[in-house]
Amino acid sequence: MITPPDQDAVDQFIAAMPKVELHVHLEGTMRPATLRDLARNHRIDLPVSDDASLAAFYRFRDFDHFIEVYVAACECLRHPEDFARVVCELGEDAASQHIRYLEVHFNPEPHARKRGIGFTELLAGMNEGRRAARETWGVDMRWIADGVRDADSGPISVEKTVDWIAGLSRTDGVIALGLGGREIGYPPELFAAAFHRARKAGLHVVAHAGETTGPDAIWSTLRHLHPDRIGHGITAIHDPVLVGHLAETRIPLEVCPTSNLRTGVVSDLAAHPFRRLDDAGVQLTVNSDDPPMFGTTLTDEFRLLRQQFGYGVADLRRFTVNAISASFLPPDEKQALQSRCDREMNSLVHSLDLV
Ligand SMILES: [Zn+2]
């Protein structure tokens, strides 16, 4: 099939447009080759022996296998310089997609508990990578420290995370407390006190909710944790009152369509509620979650929005505007990022004759 010229121009626009990502997990961004190198450095056995089988290992099969790959990536992060490398490579991958700014989730408590990596040294490694990414590729990042709901250590995983991040300075880059892990069986009220403490310390708060659970879990997350944004939140579509509430209160959702497809949260993309939530006025952002493990990139997610839901240039721009507005940058930096992206988008639209 020959692609019509206008579609080709839109595809070029998608590839080159400035982007912002708010929901990506550091451990889930590790490149396969980096997993191989780190495993070799630390003498960790991987269930693969060559590059071809490594590529096959990374290919998404089912949720259990995804967890196996994710755990292998975490296992191979042993020293601060490993974290610096992964952050730096995330910066390089982001720059290749014209991502200007990212808010990156990471899981400090399991790294400390399972592998003895202290929070301060871990963060120092990440910030070394952040500095290199900024200087080399002009990509800016901030951190969201996630507590793990179903950690072997129990709710203390979230408490400890707050202990570590509550007293940091702005230059440390940690802007929010997050909440990840298994939703079912670990309701938000278990973490209400920790979230309260984080908010009192001036941190933003976000929580995964309504990915594998229904709208009731989103309601109770709003009630108990008072999140500034919700990770996923797509099952809100089953409750029109909740959809109306999210639209009215402008609580943004961090939506990750390919992730939802891979993990079986939606049966196929045609069933994904992205367009319906957007049409109902909910502030949506688009994200990649664990890109190499789900076989996607943020650019691919924008392509998917076009192909699956018929969005054009103006709407694709709008999702980047949404992400900037939903970000946790201070107002002056938010304004500067918005102006820069506007300038770049306008110039792209003109050069591709998309006016
Ligand atoms: Zn996530």
# chains A, B, ... in the order shown; residues from 1 in each chain; ligands from 1
$ residues_around --residues "segment 70-77 of chain A" --least-positions-apart "4" --cutoff "8 Å" --atoms "only C-alpha atoms" --output "list in words"
Glu27, Gly28, Met30, Leu35, Leu38, Ala39, His42, Ile44, Leu46, Phe66, Asp82, Phe83, His111, Arg115 and Met293 of chain A
$ closest_atom_pairs --of "chain A" --to "ligand 1" --cutoff "7 Å" --atoms "only C-alpha atoms and all ligand atoms" --output "tab-separated table"
residue	atom	partner	partner_atom_place_in_ligand_line	distance
A:His23	CA	ligand 1	1 (Zn)	6.2
A:Val24	CA	ligand 1	1 (Zn)	6.4
A:His25	CA	ligand 1	1 (Zn)	6.4
A:Gly180	CA	ligand 1	1 (Zn)	6.8
A:His208	CA	ligand 1	1 (Zn)	6.6
A:Gly231	CA	ligand 1	1 (Zn)	6.5
A:Asp289	CA	ligand 1	1 (Zn)	5.1
$ select_by_dssp --residues "segment 170-249 of chain A" --states "helix (DSSP H, G or I)" --output "PyMOL selection string"
chain A and resi 170-172+188-200+215-225+234-238+240-249
$ write_last_selection --atoms "C-alpha atoms" --output "PDB file, in the first residue's frame"
ATOM      1  CA  ARG A 170      15.231  20.107  45.211  1.00  0.00           C
ATOM      2  CA  THR A 171      18.551  19.456  43.479  1.00  0.00           C
ATOM      3  CA  ASP A 172      18.241  15.739  44.306  1.00  0.00           C
ATOM      4  CA  PRO A 188      -4.874   2.278  49.110  1.00  0.00           C
ATOM      5  CA  GLU A 189      -5.953   2.776  52.728  1.00  0.00           C
ATOM      6  CA  LEU A 190      -2.925   0.703  53.829  1.00  0.00           C
ATOM      7  CA  PHE A 191      -0.713   3.514  52.546  1.00  0.00           C
ATOM      8  CA  ALA A 192      -2.768   6.561  53.528  1.00  0.00           C
ATOM      9  CA  ALA A 193      -0.485   7.574  56.425  1.00  0.00           C
ATOM     10  CA  ALA A 194       2.671   7.367  54.289  1.00  0.00           C
ATOM     11  CA  PHE A 195       1.049   9.410  51.527  1.00  0.00           C
ATOM     12  CA  HIS A 196      -0.112  11.991  54.055  1.00  0.00           C
ATOM     13  CA  ARG A 197       3.442  12.302  55.333  1.00  0.00           C
ATOM     14  CA  ALA A 198       4.808  12.722  51.790  1.00  0.00           C
ATOM     15  CA  ARG A 199       2.296  15.463  50.986  1.00  0.00           C
ATOM     16  CA  LYS A 200       3.137  17.256  54.230  1.00  0.00           C
ATOM     17  CA  PRO A 215     -13.464   2.094  39.371  1.00  0.00           C
ATOM     18  CA  ASP A 216     -14.044   1.458  43.097  1.00  0.00           C
ATOM     19  CA  ALA A 217     -10.279   1.208  43.586  1.00  0.00           C
ATOM     20  CA  ILE A 218      -9.831   4.544  41.805  1.00  0.00           C
ATOM     21  CA  TRP A 219     -12.446   6.161  44.046  1.00  0.00           C
ATOM     22  CA  SER A 220     -10.762   4.809  47.130  1.00  0.00           C
ATOM     23  CA  THR A 221      -7.329   5.911  45.864  1.00  0.00           C
ATOM     24  CA  LEU A 222      -8.704   9.445  45.414  1.00  0.00           C
ATOM     25  CA  ARG A 223     -10.249   9.351  48.873  1.00  0.00           C
ATOM     26  CA  HIS A 224      -7.304   7.903  50.818  1.00  0.00           C
ATOM     27  CA  LEU A 225      -4.207   9.024  48.913  1.00  0.00           C
ATOM     28  CA  ILE A 234      -8.459   3.421  32.544  1.00  0.00           C
ATOM     29  CA  THR A 235     -11.125   1.309  34.253  1.00  0.00           C
ATOM     30  CA  ALA A 236     -12.735   4.616  35.245  1.00  0.00           C
ATOM     31  CA  ILE A 237     -14.567   4.226  31.942  1.00  0.00           C
ATOM     32  CA  HIS A 238     -16.939   1.765  33.643  1.00  0.00           C
ATOM     33  CA  PRO A 240     -19.654   7.599  34.299  1.00  0.00           C
ATOM     34  CA  VAL A 241     -19.775   9.483  37.618  1.00  0.00           C
ATOM     35  CA  LEU A 242     -16.060   8.852  38.132  1.00  0.00           C
ATOM     36  CA  VAL A 243     -15.273   9.918  34.566  1.00  0.00           C
ATOM     37  CA  GLY A 244     -17.195  13.149  35.233  1.00  0.00           C
ATOM     38  CA  HIS A 245     -15.343  13.651  38.508  1.00  0.00           C
ATOM     39  CA  LEU A 246     -11.906  13.154  36.895  1.00  0.00           C
ATOM     40  CA  ALA A 247     -12.825  15.575  34.100  1.00  0.00           C
ATOM     41  CA  GLU A 248     -14.136  18.186  36.522  1.00  0.00           C
ATOM     42  CA  THR A 249     -11.252  17.990  38.984  1.00  0.00           C
TER      43      THR A 249
END
$ residues_around --residues "Gly264 of chain A" --least-positions-apart "5" --cutoff "10 Å" --atoms "only C-alpha atoms" --output "ChimeraX atom specification"
/A:62-63,212,258-259
$ atom_distance --atom1 "atom CA of Asp353 of chain A" --atom2 "atom CA of Ala9 of chain A"
7.9 Å
$ closest_residue --among "A:Ala94, A:Val10, A:Val148, A:Pro252" --to "Gly312 of chain A" --atoms "only C-alpha atoms"
A:Val10
$ closest_residue --among "A:Ile67, A:Val282, A:Ile144, A:Gly310" --to "Arg182 of chain A" --atoms "only C-alpha atoms"
A:Ile67
$ residues_around --residues "segment 53-56 of chain A" --least-positions-apart "4" --cutoff "7 Å" --atoms "only C-alpha atoms" --output "PyMOL selection string"
chain A and resi 32+48-49
$ write_last_selection --atoms "N, CA and C atoms" --output "mmCIF file, in the first residue's frame"
data_model
loop_
_atom_site.group_PDB
_atom_site.id
_atom_site.type_symbol
_atom_site.label_atom_id
_atom_site.label_comp_id
_atom_site.auth_asym_id
_atom_site.auth_seq_id
_atom_site.Cartn_x
_atom_site.Cartn_y
_atom_site.Cartn_z
ATOM 1 N N PRO A 32 18.371 -4.609 26.344
ATOM 2 C CA PRO A 32 18.828 -6.001 26.450
ATOM 3 C C PRO A 32 20.351 -6.112 26.543
ATOM 4 N N VAL A 48 19.670 -17.057 29.244
ATOM 5 C CA VAL A 48 19.986 -16.987 27.807
ATOM 6 C C VAL A 48 21.496 -16.945 27.644
ATOM 7 N N SER A 49 21.984 -17.405 26.475
ATOM 8 C CA SER A 49 23.431 -17.481 26.303
ATOM 9 C C SER A 49 23.969 -16.602 25.178
#
